[in-house]
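To start, the structure itself, in structure tokens.
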Amino acid sequence: MHALRRGTLGLAGLALAVGMLALPAAAAPEPDVPGLTAAEQRLLDSDPSLDVAADGTLYAVDEWQPPADVADATSSDTPPPAVAQTLAATADVPTFSLHSRPGAARSIYLDFDGGSLLATNSWLLNGLNSLLFGGWSLDGLALLFSDAEQTVIREVWARVAEDFAPWDVDVTTQEPLYGGLFRASSNDPSYGARVAFTNDGSVQTQLCGGGCGGIAWIGTYDEIASSELHSPAWVFPASLGQKAKNMADAAAHEAGHTLGLSHDGTGSSGYYAGTALWGPIMGSPYGAAITQWSRGDYSGANNHEDDLTVIGAHGLPLRTDDAGSTPATAADLSTLPDDGGIISTPADSDWYALTDCLGMLTATASPAGVGPNLDVILELRDASGNVLASSAPQTTRSSGTISGMGASLNVPVAGGPYYLAVSGGGSGPGGASGWTTVGGGYDDYGSLGRYQLLMSGCAGGTGVPVPPDTEIPFDPSGTPDPLPPGLPTSRPGTPHAPSVKKGARGGRITVDVHWTPPADGGGTITGYVLQVFRLDRSGRVLSRSKTGVLSGQASAAAVRLPRKGRWAVRIRARNDLGWGSYSPRSAAAKGR
């Protein structure tokens, strides 16, 4: 939920914050309110949760619906081993001195210990009559944080830090010096946002009647002001079951509002909860194992706002890329920071050069241990950049445990150079870079974040174990060891060009793609990927994108398109040895 200060964003800023959000229609248009811009009036008319304060401020009061089992929780769930291990890595850092990117000019301050509103005016808007607000606590002892409470705080910080890992921003539990949380002038490079966690029931009641989970202004992160004018963004853990994951989801959501983002919902709900596996940060993803930024690539989405672009437009620059994505720009593995690399955009692929290889190359790429956003694709490429082997296990959730987000390779090698390439991908049906309408998975748009890459068998590596889900790749030496019985003897063959026709009338713009399975290489086809091309009238390629991994049993897909025009598709298949070659490109078809 959020409040929006009229005049702060202006018409252009408001349009960016709202994006393509299709809010539920109000029962009847509100009477025109003097002083509102036309855009603000339209927003007020379309969203029944919006209202106008006495000072002319437009604001909204919205409520999340966390999973039913959260209501009975009184503390954070015991962290699973991966979480505990990750939190232990920062055990020597005091809980209130945690930094995800020390020295960054931008910051997101997670404020757990309460404080004063003297430097803000947010208390004026909703009748908040106290200048002081209490902090967060499980045991009611203010400013005395137990080990259990500090564990929750560390997990919240780690999860929010992962959500914002692509950007050059410091997510921190240490309050910046005065001036570090507001932008004093257009030349001021250092500013940020405060996200306040409070169990102060009087504050929550005065702000929203006691039933909300959070409040934040929209698009104010980079506004120019002489103080924290529109601050803090609020999170109310008592309405979120006091769970670390829920608190982190709410904090990232509210920080997202300050960076200009609107809600991800559906035609029937203002907040999309997602599935047990995946949910969008700007929805209500408390029951989802994986939360990511989104552009509405799920069925029934009412908001196709490009989260990544909007965040960048409101003050957060991307981090410097860790490594290039060609043989000429590949980095040495020794340059990878101790805390890992970052995949910062859907198109980002980090390549690392390997030399002096002998015997068996073993490589493992692992996402963040707490709240990972990155679903890893790991590839081995030859001296020309061609893929020799790849690993992208399908991600699943079982009994609350996520598996398949990491990737591993075990490949016979000799000499070099070779290149290990790390990128992000989608998973399962619908994991299609925003292109397919098939449900049940997620695409690669929000598959961003931190990874660790370990390798042995080539110069500069460190020994790593091979997890049980390692794929058996193609052997580039030409003299592979005998394969176990039942495994394919070659990669899949090259498919024939798929057929592409106009999609069904009405609804979203689509084309229907059909294909014939290629030779399976003596094994089972485990997935397909489509590459989609937008063409001009002369057949010149204007843009391209690829889907995530589709089911190996599929022979057709409805491909959702961002616009009308002429489109063509090609396809390739995967078995346990890796990916085969792409088919020829289909004839062009118009989207409908």
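Ligands are numbered from 1 in the order shown, chains are lettered A, B, ... in the order of the structure tokens, and residues start at 1 in each chain.
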Task: Non-local contacts of Ala504 of chain A (12 Å; only C-alpha atoms; under 4 positions in same chain excluded) as a ChimeraX atom specification - done: /A:508-513,558-560,590-592
Atoms kept (N, CA and C atoms) for selection, written as a tab-separated table (two decimals), in the first residue's frame:
chain	number	residue	atom	x	y	z
A	508	ARG	N	-4.99	-11.81	-25.90
A	508	ARG	CA	-3.64	-11.35	-26.15
A	508	ARG	C	-3.20	-11.66	-27.58
A	509	ILE	N	-2.20	-10.90	-28.03
A	509	ILE	CA	-1.63	-11.13	-29.35
A	509	ILE	C	-0.74	-12.36	-29.28
A	510	THR	N	-1.00	-13.34	-30.15
A	510	THR	CA	-0.22	-14.57	-30.13
A	510	THR	C	0.01	-15.09	-31.54
A	511	VAL	N	0.93	-16.02	-31.67
A	511	VAL	CA	1.00	-16.93	-32.82
A	511	VAL	C	1.03	-18.34	-32.25
A	512	ASP	N	0.48	-19.28	-33.02
A	512	ASP	CA	0.48	-20.68	-32.63
A	512	ASP	C	1.62	-21.39	-33.35
A	513	VAL	N	2.47	-22.06	-32.59
A	513	VAL	CA	3.64	-22.74	-33.14
A	513	VAL	C	3.47	-24.24	-32.97
A	558	ALA	N	1.45	-21.73	-27.61
A	558	ALA	CA	0.90	-20.43	-27.96
A	558	ALA	C	1.90	-19.38	-27.49
A	559	VAL	N	2.49	-18.67	-28.41
A	559	VAL	CA	3.55	-17.71	-28.09
A	559	VAL	C	2.95	-16.32	-28.00
A	560	ARG	N	3.01	-15.74	-26.81
A	560	ARG	CA	2.44	-14.41	-26.59
A	560	ARG	C	3.41	-13.35	-27.08
A	590	LYS	N	1.66	-13.32	-39.07
A	590	LYS	CA	1.26	-12.12	-38.35
A	590	LYS	C	0.67	-12.50	-37.00
A	591	GLY	N	1.03	-11.73	-35.99
A	591	GLY	CA	0.45	-11.95	-34.68
A	591	GLY	C	-0.99	-11.51	-34.64
A	592	ARG	N	-1.80	-12.25	-33.86
A	592	ARG	CA	-3.22	-11.87	-33.74
A	592	ARG	C	-3.69	-12.16	-32.33
Quiz prompt | DSSP helix (DSSP H, G or I) residues within segment 173-223 of chain A, listed as a PyMOL selection string | solution = chain A and resi 201-208
Keeping all heavy atoms for every residue in the selection just given, could you write it to a file as a PDB file, in the first residue's frame?
ATOM      1  N   GLY A 201       1.449  -0.767  17.642  1.00  0.00           N
ATOM      2  CA  GLY A 201       0.059  -0.878  17.208  1.00  0.00           C
ATOM      3  C   GLY A 201      -0.633   0.454  17.060  1.00  0.00           C
ATOM      4  O   GLY A 201      -1.502   0.612  16.187  1.00  0.00           O
ATOM      5  N   SER A 202      -0.270   1.442  17.878  1.00  0.00           N
ATOM      6  CA  SER A 202      -0.924   2.744  17.756  1.00  0.00           C
ATOM      7  C   SER A 202      -0.572   3.423  16.442  1.00  0.00           C
ATOM      8  O   SER A 202      -1.409   4.066  15.811  1.00  0.00           O
ATOM      9  CB  SER A 202      -0.537   3.643  18.941  1.00  0.00           C
ATOM     10  OG  SER A 202       0.859   3.940  18.917  1.00  0.00           O
ATOM     11  N   VAL A 203       0.683   3.248  16.013  1.00  0.00           N
ATOM     12  CA  VAL A 203       1.091   3.823  14.723  1.00  0.00           C
ATOM     13  C   VAL A 203       0.328   3.145  13.593  1.00  0.00           C
ATOM     14  O   VAL A 203      -0.219   3.809  12.700  1.00  0.00           O
ATOM     15  CB  VAL A 203       2.613   3.656  14.528  1.00  0.00           C
ATOM     16  CG1 VAL A 203       3.014   4.022  13.108  1.00  0.00           C
ATOM     17  CG2 VAL A 203       3.370   4.527  15.522  1.00  0.00           C
ATOM     18  N   GLN A 204       0.278   1.822  13.629  1.00  0.00           N
ATOM     19  CA  GLN A 204      -0.421   1.089  12.565  1.00  0.00           C
ATOM     20  C   GLN A 204      -1.901   1.458  12.551  1.00  0.00           C
ATOM     21  O   GLN A 204      -2.487   1.679  11.475  1.00  0.00           O
ATOM     22  CB  GLN A 204      -0.253  -0.405  12.771  1.00  0.00           C
ATOM     23  CG  GLN A 204      -0.846  -1.255  11.645  1.00  0.00           C
ATOM     24  CD  GLN A 204      -0.634  -2.740  11.872  1.00  0.00           C
ATOM     25  OE1 GLN A 204      -0.236  -3.153  12.964  1.00  0.00           O
ATOM     26  NE2 GLN A 204      -0.914  -3.543  10.867  1.00  0.00           N
ATOM     27  N   THR A 205      -2.519   1.548  13.707  1.00  0.00           N
ATOM     28  CA  THR A 205      -3.941   1.880  13.775  1.00  0.00           C
ATOM     29  C   THR A 205      -4.215   3.274  13.232  1.00  0.00           C
ATOM     30  O   THR A 205      -5.161   3.488  12.465  1.00  0.00           O
ATOM     31  CB  THR A 205      -4.439   1.772  15.218  1.00  0.00           C
ATOM     32  OG1 THR A 205      -4.279   0.419  15.673  1.00  0.00           O
ATOM     33  CG2 THR A 205      -5.906   2.167  15.322  1.00  0.00           C
ATOM     34  N   GLN A 206      -3.370   4.230  13.603  1.00  0.00           N
ATOM     35  CA  GLN A 206      -3.583   5.596  13.137  1.00  0.00           C
ATOM     36  C   GLN A 206      -3.349   5.732  11.634  1.00  0.00           C
ATOM     37  O   GLN A 206      -4.023   6.512  10.957  1.00  0.00           O
ATOM     38  CB  GLN A 206      -2.669   6.557  13.895  1.00  0.00           C
ATOM     39  CG  GLN A 206      -3.049   6.725  15.360  1.00  0.00           C
ATOM     40  CD  GLN A 206      -2.024   7.556  16.116  1.00  0.00           C
ATOM     41  OE1 GLN A 206      -1.891   8.741  15.865  1.00  0.00           O
ATOM     42  NE2 GLN A 206      -1.312   6.920  17.030  1.00  0.00           N
ATOM     43  N   LEU A 207      -2.418   4.955  11.104  1.00  0.00           N
ATOM     44  CA  LEU A 207      -2.103   5.077   9.686  1.00  0.00           C
ATOM     45  C   LEU A 207      -3.112   4.355   8.800  1.00  0.00           C
ATOM     46  O   LEU A 207      -3.448   4.845   7.722  1.00  0.00           O
ATOM     47  CB  LEU A 207      -0.701   4.536   9.409  1.00  0.00           C
ATOM     48  CG  LEU A 207       0.467   5.415   9.872  1.00  0.00           C
ATOM     49  CD1 LEU A 207       1.784   4.692   9.654  1.00  0.00           C
ATOM     50  CD2 LEU A 207       0.478   6.734   9.115  1.00  0.00           C
ATOM     51  N   CYS A 208      -3.588   3.181   9.241  1.00  0.00           N
ATOM     52  CA  CYS A 208      -4.445   2.422   8.326  1.00  0.00           C
ATOM     53  C   CYS A 208      -5.520   1.616   9.027  1.00  0.00           C
ATOM     54  O   CYS A 208      -6.059   0.678   8.427  1.00  0.00           O
ATOM     55  CB  CYS A 208      -3.594   1.495   7.469  1.00  0.00           C
ATOM     56  SG  CYS A 208      -2.667   0.253   8.405  1.00  0.00           S
TER      57      CYS A 208
END
*Using only C-alpha atoms, which residues sit within 9 Å of segment 301-315 of chain A once same-chain residues fewer than 3 positions away are excluded, as a ChimeraX atom specification?*
/A:16-23,106,167,191-192,219-223,256,258-267,270,272,282,293-298,318,345,446
Go ahead and dump the residues you just picked, N, CA, C and O atoms, as a compact mmCIF listing (two decimals), in the first residue's frame.
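Ended up saving to out_8.txt:
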# COMPACT_ATOMS: atom_id res chain seq x y z
N LEU A 16 4.73 6.96 -15.17
CA LEU A 16 5.75 5.91 -15.05
C LEU A 16 5.43 5.01 -13.89
O LEU A 16 5.57 3.79 -13.97
N ALA A 17 5.00 5.58 -12.75
CA ALA A 17 4.71 4.77 -11.59
C ALA A 17 3.54 3.85 -11.83
O ALA A 17 3.52 2.70 -11.41
N VAL A 18 2.51 4.32 -12.55
CA VAL A 18 1.33 3.51 -12.77
C VAL A 18 1.57 2.50 -13.88
O VAL A 18 1.09 1.40 -13.86
N GLY A 19 2.37 2.86 -14.87
CA GLY A 19 2.68 1.97 -15.98
C GLY A 19 1.42 1.51 -16.68
O GLY A 19 0.53 2.30 -16.99
N MET A 20 1.31 0.21 -16.96
CA MET A 20 0.16 -0.35 -17.67
C MET A 20 -0.81 -1.02 -16.71
O MET A 20 -1.61 -1.86 -17.10
N LEU A 21 -0.77 -0.66 -15.43
CA LEU A 21 -1.61 -1.29 -14.43
C LEU A 21 -3.08 -1.06 -14.73
O LEU A 21 -3.52 0.07 -14.88
N ALA A 22 -3.84 -2.13 -14.83
CA ALA A 22 -5.26 -2.03 -15.05
C ALA A 22 -5.95 -2.30 -13.72
O ALA A 22 -6.17 -3.44 -13.34
N LEU A 23 -6.28 -1.25 -12.98
CA LEU A 23 -6.86 -1.39 -11.66
C LEU A 23 -8.34 -1.73 -11.76
O LEU A 23 -9.00 -1.37 -12.75
N ARG A 106 23.83 4.89 -3.33
CA ARG A 106 22.41 4.72 -3.01
C ARG A 106 22.27 3.70 -1.88
O ARG A 106 23.11 2.82 -1.71
N TRP A 167 21.44 -4.01 -8.63
CA TRP A 167 21.68 -2.57 -8.67
C TRP A 167 22.81 -2.14 -7.73
O TRP A 167 23.13 -2.83 -6.76
N TYR A 191 21.82 9.18 -1.81
CA TYR A 191 20.49 9.26 -1.21
C TYR A 191 19.90 7.86 -1.12
O TYR A 191 20.52 6.89 -1.59
N GLY A 192 18.74 7.75 -0.51
CA GLY A 192 18.17 6.42 -0.32
C GLY A 192 16.77 6.47 0.24
O GLY A 192 16.08 7.49 0.17
N GLY A 219 7.36 6.47 -6.10
CA GLY A 219 8.22 7.26 -6.97
C GLY A 219 8.98 8.37 -6.30
O GLY A 219 9.44 9.30 -6.97
N THR A 220 9.17 8.29 -4.98
CA THR A 220 9.83 9.38 -4.26
C THR A 220 11.29 9.11 -3.95
O THR A 220 11.95 9.94 -3.32
N TYR A 221 11.81 7.96 -4.35
CA TYR A 221 13.18 7.58 -3.98
C TYR A 221 14.17 8.66 -4.40
O TYR A 221 15.08 9.01 -3.63
N ASP A 222 14.05 9.19 -5.62
CA ASP A 222 15.02 10.16 -6.13
C ASP A 222 14.48 11.58 -6.17
O ASP A 222 15.03 12.44 -6.86
N GLU A 223 13.40 11.85 -5.41
CA GLU A 223 12.89 13.22 -5.39
C GLU A 223 13.89 14.15 -4.69
O GLU A 223 14.69 13.72 -3.86
N GLY A 256 10.01 -1.04 -3.46
CA GLY A 256 9.66 -0.97 -4.87
C GLY A 256 8.70 0.16 -5.16
O GLY A 256 8.80 0.83 -6.20
N THR A 258 8.56 3.04 -3.54
CA THR A 258 9.31 4.29 -3.54
C THR A 258 10.10 4.47 -4.82
O THR A 258 10.42 5.58 -5.22
N LEU A 259 10.38 3.35 -5.50
CA LEU A 259 11.11 3.39 -6.77
C LEU A 259 10.17 3.42 -7.97
O LEU A 259 10.59 3.19 -9.10
N GLY A 260 8.90 3.71 -7.73
CA GLY A 260 7.96 3.97 -8.81
C GLY A 260 7.10 2.82 -9.24
O GLY A 260 6.35 2.96 -10.21
N LEU A 261 7.13 1.69 -8.54
CA LEU A 261 6.42 0.50 -9.01
C LEU A 261 4.99 0.43 -8.49
O LEU A 261 4.71 0.83 -7.35
N SER A 262 4.11 -0.09 -9.33
CA SER A 262 2.71 -0.33 -8.97
C SER A 262 2.51 -1.81 -8.66
O SER A 262 3.42 -2.63 -8.82
N HIS A 263 1.29 -2.14 -8.25
CA HIS A 263 1.01 -3.52 -7.85
C HIS A 263 0.88 -4.45 -9.03
O HIS A 263 0.37 -4.09 -10.09
N ASP A 264 1.31 -5.70 -8.83
CA ASP A 264 1.07 -6.78 -9.77
C ASP A 264 -0.16 -7.54 -9.31
O ASP A 264 -0.14 -8.18 -8.25
N GLY A 265 -1.23 -7.45 -10.09
CA GLY A 265 -2.47 -8.12 -9.73
C GLY A 265 -3.04 -8.89 -10.89
O GLY A 265 -2.36 -9.21 -11.87
N THR A 266 -4.33 -9.18 -10.79
CA THR A 266 -5.08 -9.83 -11.85
C THR A 266 -6.38 -9.07 -12.04
O THR A 266 -6.64 -8.07 -11.35
N GLY A 267 -7.21 -9.55 -12.95
CA GLY A 267 -8.49 -8.88 -13.16
C GLY A 267 -9.41 -8.95 -11.97
O GLY A 267 -10.32 -8.14 -11.83
N GLY A 270 -6.23 -7.18 -6.61
CA GLY A 270 -5.20 -6.15 -6.73
C GLY A 270 -3.81 -6.67 -6.49
O GLY A 270 -2.83 -6.01 -6.83
N TYR A 272 -1.40 -10.25 -6.90
CA TYR A 272 -1.26 -11.62 -7.37
C TYR A 272 -0.36 -12.37 -6.41
O TYR A 272 0.79 -11.98 -6.17
N MET A 282 5.93 -7.39 -6.44
CA MET A 282 4.93 -6.34 -6.31
C MET A 282 3.52 -6.90 -6.22
O MET A 282 2.54 -6.15 -6.32
N TRP A 293 11.21 -9.81 -9.53
CA TRP A 293 10.62 -8.68 -10.22
C TRP A 293 9.91 -9.20 -11.47
O TRP A 293 10.27 -10.27 -11.98
N SER A 294 8.94 -8.46 -11.95
CA SER A 294 8.08 -9.00 -12.99
C SER A 294 7.70 -7.92 -14.00
O SER A 294 7.80 -6.72 -13.72
N ARG A 295 7.25 -8.36 -15.17
CA ARG A 295 6.60 -7.45 -16.13
C ARG A 295 5.24 -8.03 -16.54
O ARG A 295 4.77 -7.83 -17.64
N GLY A 296 4.62 -8.77 -15.63
CA GLY A 296 3.29 -9.29 -15.88
C GLY A 296 3.25 -10.45 -16.84
O GLY A 296 2.29 -10.60 -17.59
N ASP A 297 4.26 -11.32 -16.80
CA ASP A 297 4.30 -12.47 -17.70
C ASP A 297 3.62 -13.70 -17.09
O ASP A 297 4.10 -14.82 -17.26
N TYR A 298 2.53 -13.49 -16.39
CA TYR A 298 1.78 -14.61 -15.85
C TYR A 298 0.33 -14.48 -16.32
O TYR A 298 -0.12 -13.39 -16.72
N LEU A 318 22.50 0.20 -12.44
CA LEU A 318 22.94 -1.19 -12.40
C LEU A 318 24.39 -1.28 -11.93
O LEU A 318 25.18 -0.36 -12.10
N THR A 345 20.79 -8.36 -15.55
CA THR A 345 19.71 -8.14 -16.50
C THR A 345 19.34 -9.48 -17.13
O THR A 345 20.13 -10.43 -17.10
N GLY A 446 12.90 -12.06 -14.34
CA GLY A 446 13.36 -11.71 -12.99
C GLY A 446 14.41 -12.65 -12.44
O GLY A 446 14.72 -12.59 -11.24
